[in-house]
Amino acid sequence: MVREVDLLVAGGGPAGCLAARQAASLGARVLLVEKKRRIGALPHCAEFVPRALSLELDIPEKTKVQDIVGMESWLGEEKHRTPGPGWVLDRQVFDFHLGVMAAKAGAEIWTQARVQSLAGDQAEIRLPHGLEKIKAKATVLALGAGSQIARELGVEKPSLLTGVQVVVPLTAAVDRTLIFFDPEIKGGYGWLFPRGDVANLGLGCLPEAGPVKALAALRERMLAEGLIKPGILGRGGGAIPVSGPVDSFLKGNVILAGDAAGLTHPVTGGGIPQAVFSGQEAGKAAVALARGDMQEAREYEENLRLRYGRYLTRALKARRLLSEKWGVAPFEELMKGTWPAWAGAQRKKAKKAK
Ligand SMILES: Cc1cc2nc3c(=O)[nH]c(=O)nc-3n(C[C@H](O)[C@H](O)[C@H](O)COP(=O)(O)OP(=O)(O)OC[C@H]3O[C@@H](n4cnc5c(N)ncnc54)[C@H](O)[C@@H]3O)c2cc1C
């Protein structure tokens, strides 16, 4: 038997959950499918979000584990302190909370449900008890970075950095995100994002640059600096897309959102705010698409470009510096447009110096 819905949402990360919530709250019959056992189970993430995200989404206190006052970037021996307030979240709690919001709005959620194929309005979902066939008027594709299903729809494979991360005990409280640029971390950077007594210590770099070895070296450095204690409480990692937005966010009756749409920042690897924005917008657009309103559905592309076009274009330029000129890229060039607050602070400093 084929199950019919208005909207199929593929993937239960932030983009998928918010698309499902938005569409369900507009009255659509929504089915969200997630391959993991639980929404929010072990997301690959350093878990930092800027405070500005709260303008778009109510972020409950229970999802925040650490207040962040700013950022400290290490470039060799140089250290730059810049503004950049935000929070380190507990992504497991955060993503689950978004799933609950979607369910409360009326979306039906299936876990341990893997999208096996997607063609036109037909999808096959692999569940523990067998295969389910779904007929959907529209689909939101929010399967994260580099999915095979996206490729089958004609989405080009993005360039991916390999992200690796460990959870380590801190020696003392830290209230900033620490960022490390180092020639050993080729094509990317390292991070230490505090979360109470522990921190997410990780890096993203070119896969061929030996991410595991580079992370071991970074951990040794942090131990030598006295920032962390010995021991590893957890390990994780994942792919970080860094080639920018896909050529089209609409593929027939499929709408791409979040990492699947290539919205991750090509230098910082940050993608939660873009997943939140695009998920909500994709939910609205998918409802329009399901009732055959192409005009409104196309506004999705326009909204994404208006909101993130310039930001991501500038970041792509910085990414090129990171890939091509690594080792000689001046810090200020690298950072241009990457963290706007940083740029603002530098401008003020330069004015004062004059
Ligand atoms: C190591 C690392 C650190 C990061 N740190 C940060 C950070 O500090 N701040 C930040 O803003 N961003 C960070 N990011 C990026 C951030 O995690 C993503 O941008 C964000 O999760 C994107 O949300 P999404 O909903 O698009 O995709 P995802 O969160 O990846 O969700 C996709 C979902 O689809 C599911 N799925 C995949 N295939 C299938 C299938 N066939 N069938 C059913 N379900 C499927 C997956 O299980 C997953 O739950 C980091 C990424 C990595 C890898």
# chains A, B, ... in the order shown; residues from 1 in each chain; ligands from 1
>>> residues_around(residues="region 170-173 of chain A", least_positions_apart="3", cutoff="6 Å", atoms="only C-alpha atoms", output="PyMOL selection string")
chain A and resi 197-198+227-229
>>> write_last_selection(atoms="C-alpha atoms", output="compact mmCIF listing (two decimals), in the first residue's frame")
# COMPACT_ATOMS: atom_id res chain seq x y z
CA ASP A 197 33.61 21.57 32.76
CA VAL A 198 34.42 20.07 29.36
CA LEU A 227 44.02 24.46 29.09
CA ILE A 228 42.80 20.86 29.27
CA LYS A 229 43.34 17.78 31.44
>>> residues_near_ligand(ligand="ligand 1", cutoff="7 Å", atoms="only C-alpha atoms and all ligand atoms", output="number ranges by chain")
A: 10-16, 33-36, 39-40, 43-49, 113-116, 142-145, 147, 149, 163-165, 202, 204, 237-240, 257-260, 264, 269-273, 275
>>> select_by_dssp(residues="region 145-179 of chain A", states="strand (DSSP E or B)", output="list in words")
Leu160, Leu161, Thr162, Gly163, Val164, Gln165, Val166, Val167, Val168, Pro169, Leu170, Arg176, Thr177, Leu178 and Ile179 of chain A
>>> residues_around(residues="region 107-111 of chain A", least_positions_apart="4", cutoff="9 Å", atoms="only C-alpha atoms", output="VMD selection string")
chain A and resid 12 20 to 21 23 to 25 28 to 39 99 101 to 103 127
>>> closest_residue(among="A:Val167, A:Leu161, A:Leu316, A:Ile255", to="Tyr300 (chain A)", atoms="only C-alpha atoms")
A:Ile255
>>> residues_around(residues="region 72-74 of chain A", least_positions_apart="6", cutoff="6 Å", atoms="only C-alpha atoms", output="PDB file with N, CA, C and O atoms, in the first residue's frame")
ATOM      1  N   HIS A  80      44.154  36.968  18.735  1.00  0.00           N
ATOM      2  CA  HIS A  80      43.250  38.089  18.468  1.00  0.00           C
ATOM      3  C   HIS A  80      41.968  37.861  19.251  1.00  0.00           C
ATOM      4  O   HIS A  80      41.316  36.838  19.063  1.00  0.00           O
ATOM      5  N   ARG A  81      41.613  38.815  20.094  1.00  0.00           N
ATOM      6  CA  ARG A  81      40.332  38.714  20.812  1.00  0.00           C
ATOM      7  C   ARG A  81      39.293  39.554  20.090  1.00  0.00           C
ATOM      8  O   ARG A  81      39.547  40.731  19.780  1.00  0.00           O
ATOM      9  N   LEU A 178      37.643  29.327  21.237  1.00  0.00           N
ATOM     10  CA  LEU A 178      39.031  29.462  20.794  1.00  0.00           C
ATOM     11  C   LEU A 178      39.161  28.831  19.417  1.00  0.00           C
ATOM     12  O   LEU A 178      38.651  27.726  19.180  1.00  0.00           O
ATOM     13  N   ILE A 179      39.820  29.556  18.529  1.00  0.00           N
ATOM     14  CA  ILE A 179      39.975  29.116  17.144  1.00  0.00           C
ATOM     15  C   ILE A 179      41.464  29.066  16.827  1.00  0.00           C
ATOM     16  O   ILE A 179      42.179  30.015  17.149  1.00  0.00           O
ATOM     17  N   PHE A 180      41.920  27.996  16.197  1.00  0.00           N
ATOM     18  CA  PHE A 180      43.359  27.846  15.922  1.00  0.00           C
ATOM     19  C   PHE A 180      43.618  27.702  14.429  1.00  0.00           C
ATOM     20  O   PHE A 180      43.087  26.774  13.812  1.00  0.00           O
TER      21      PHE A 180
END
>>> atom_distance(atom1="CA of Gly283 (chain A)", atom2="CA of Gln22 (chain A)")
5.1 Å
>>> atom_distance(atom1="CA of Gly231 (chain A)", atom2="CA of Arg176 (chain A)")
21.6 Å
>>> select_by_dssp(residues="region 24-272 of chain A", states="alpha helix (DSSP H)", output="PyMOL selection string")
chain A and resi 24-25+91-105+148-152+211-224+272
>>> atom_distance(atom1="CA of Ile232 (chain A)", atom2="CA of Pro169 (chain A)")
7.4 Å
>>> residues_around(residues="Val65 (chain A)", least_positions_apart="6", cutoff="8 Å", atoms="only C-alpha atoms", output="PyMOL selection string")
chain A and resi 87-90+195-196
>>> decode(residues="region 70-112 of chain A", atoms="N, CA and C atoms", output="tab-separated table (two decimals), in the first residue's frame")
chain	number	residue	atom	x	y	z
A	70	GLY	N	32.80	35.92	23.56
A	70	GLY	CA	33.53	36.34	22.36
A	70	GLY	C	34.43	35.23	21.86
A	71	MET	N	35.32	35.63	20.97
A	71	MET	CA	36.17	34.62	20.33
A	71	MET	C	37.64	35.01	20.48
A	72	GLU	N	38.48	34.01	20.61
A	72	GLU	CA	39.93	34.26	20.60
A	72	GLU	C	40.53	33.41	19.49
A	73	SER	N	41.17	34.08	18.53
A	73	SER	CA	41.77	33.34	17.41
A	73	SER	C	43.27	33.29	17.59
A	74	TRP	N	43.83	32.11	17.46
A	74	TRP	CA	45.29	31.93	17.58
A	74	TRP	C	45.84	31.71	16.18
A	75	LEU	N	46.78	32.58	15.81
A	75	LEU	CA	47.44	32.41	14.52
A	75	LEU	C	48.92	32.35	14.82
A	76	GLY	N	49.49	31.17	14.88
A	76	GLY	CA	50.86	31.01	15.37
A	76	GLY	C	50.89	31.48	16.81
A	77	GLU	N	51.78	32.41	17.10
A	77	GLU	CA	51.88	32.93	18.47
A	77	GLU	C	50.93	34.10	18.71
A	78	GLU	N	50.38	34.65	17.60
A	78	GLU	CA	49.47	35.80	17.74
A	78	GLU	C	48.12	35.37	18.27
A	79	LYS	N	47.54	36.21	19.14
A	79	LYS	CA	46.17	35.93	19.60
A	79	LYS	C	45.31	37.16	19.37
A	80	HIS	N	44.15	36.97	18.73
A	80	HIS	CA	43.25	38.09	18.47
A	80	HIS	C	41.97	37.86	19.25
A	81	ARG	N	41.61	38.82	20.09
A	81	ARG	CA	40.33	38.71	20.81
A	81	ARG	C	39.29	39.55	20.09
A	82	THR	N	38.17	39.00	19.81
A	82	THR	CA	37.13	39.71	19.06
A	82	THR	C	35.77	39.41	19.66
A	83	PRO	N	34.79	40.29	19.38
A	83	PRO	CA	33.45	39.99	19.87
A	83	PRO	C	32.88	38.77	19.14
A	84	GLY	N	31.82	38.24	19.59
A	84	GLY	CA	31.22	37.06	18.95
A	84	GLY	C	30.42	36.31	20.00
A	85	PRO	N	29.45	37.04	20.62
A	85	PRO	CA	28.68	36.42	21.69
A	85	PRO	C	27.74	35.33	21.18
A	86	GLY	N	27.53	34.35	21.99
A	86	GLY	CA	26.61	33.28	21.60
A	86	GLY	C	26.48	32.25	22.71
A	87	TRP	N	26.12	31.08	22.31
A	87	TRP	CA	25.99	29.97	23.26
A	87	TRP	C	26.57	28.70	22.65
A	88	VAL	N	27.07	27.85	23.53
A	88	VAL	CA	27.31	26.48	23.11
A	88	VAL	C	26.07	25.71	23.55
A	89	LEU	N	25.46	25.04	22.61
A	89	LEU	CA	24.21	24.31	22.88
A	89	LEU	C	24.51	22.86	23.18
A	90	ASP	N	23.55	22.19	23.76
A	90	ASP	CA	23.58	20.72	23.75
A	90	ASP	C	22.75	20.32	22.54
A	91	ARG	N	23.43	19.97	21.45
A	91	ARG	CA	22.71	19.69	20.19
A	91	ARG	C	21.73	18.53	20.33
A	92	GLN	N	22.07	17.57	21.20
A	92	GLN	CA	21.14	16.43	21.34
A	92	GLN	C	19.81	16.95	21.89
A	93	VAL	N	19.90	17.85	22.88
A	93	VAL	CA	18.68	18.41	23.49
A	93	VAL	C	18.00	19.37	22.50
A	94	PHE	N	18.82	20.18	21.84
A	94	PHE	CA	18.29	21.18	20.91
A	94	PHE	C	17.53	20.52	19.76
A	95	ASP	N	18.18	19.57	19.10
A	95	ASP	CA	17.53	18.93	17.93
A	95	ASP	C	16.27	18.18	18.37
A	96	PHE	N	16.37	17.51	19.53
A	96	PHE	CA	15.18	16.77	20.01
A	96	PHE	C	14.03	17.75	20.27
A	97	HIS	N	14.38	18.90	20.87
A	97	HIS	CA	13.37	19.93	21.14
A	97	HIS	C	12.69	20.37	19.83
A	98	LEU	N	13.50	20.53	18.76
A	98	LEU	CA	12.90	20.93	17.47
A	98	LEU	C	11.99	19.83	16.93
A	99	GLY	N	12.38	18.58	17.17
A	99	GLY	CA	11.54	17.45	16.76
A	99	GLY	C	10.20	17.47	17.51
A	100	VAL	N	10.27	17.77	18.80
A	100	VAL	CA	9.04	17.83	19.60
A	100	VAL	C	8.15	18.96	19.08
A	101	MET	N	8.77	20.10	18.72
A	101	MET	CA	7.98	21.22	18.19
A	101	MET	C	7.26	20.81	16.90
A	102	ALA	N	7.97	20.05	16.07
A	102	ALA	CA	7.36	19.59	14.80
A	102	ALA	C	6.18	18.66	15.10
A	103	ALA	N	6.39	17.74	16.04
A	103	ALA	CA	5.33	16.79	16.39
A	103	ALA	C	4.12	17.54	16.98
A	104	LYS	N	4.42	18.53	17.84
A	104	LYS	CA	3.32	19.30	18.46
A	104	LYS	C	2.50	20.05	17.41
A	105	ALA	N	3.19	20.50	16.34
A	105	ALA	CA	2.49	21.22	15.28
A	105	ALA	C	1.65	20.28	14.41
A	106	GLY	N	1.88	18.97	14.57
A	106	GLY	CA	1.04	18.01	13.84
A	106	GLY	C	1.79	17.13	12.86
A	107	ALA	N	3.13	17.28	12.77
A	107	ALA	CA	3.89	16.43	11.84
A	107	ALA	C	4.01	15.02	12.43
A	108	GLU	N	3.95	14.03	11.55
A	108	GLU	CA	4.18	12.65	12.00
A	108	GLU	C	5.67	12.37	11.82
A	109	ILE	N	6.30	11.78	12.85
A	109	ILE	CA	7.75	11.56	12.76
A	109	ILE	C	8.06	10.07	12.86
A	110	TRP	N	8.87	9.60	11.93
A	110	TRP	CA	9.35	8.21	11.98
A	110	TRP	C	10.86	8.24	12.20
A	111	THR	N	11.35	7.48	13.18
A	111	THR	CA	12.80	7.33	13.35
A	111	THR	C	13.18	5.92	12.89
A	112	GLN	N	14.48	5.67	12.80
A	112	GLN	CA	14.99	4.44	12.18
A	112	GLN	C	14.31	4.24	10.84
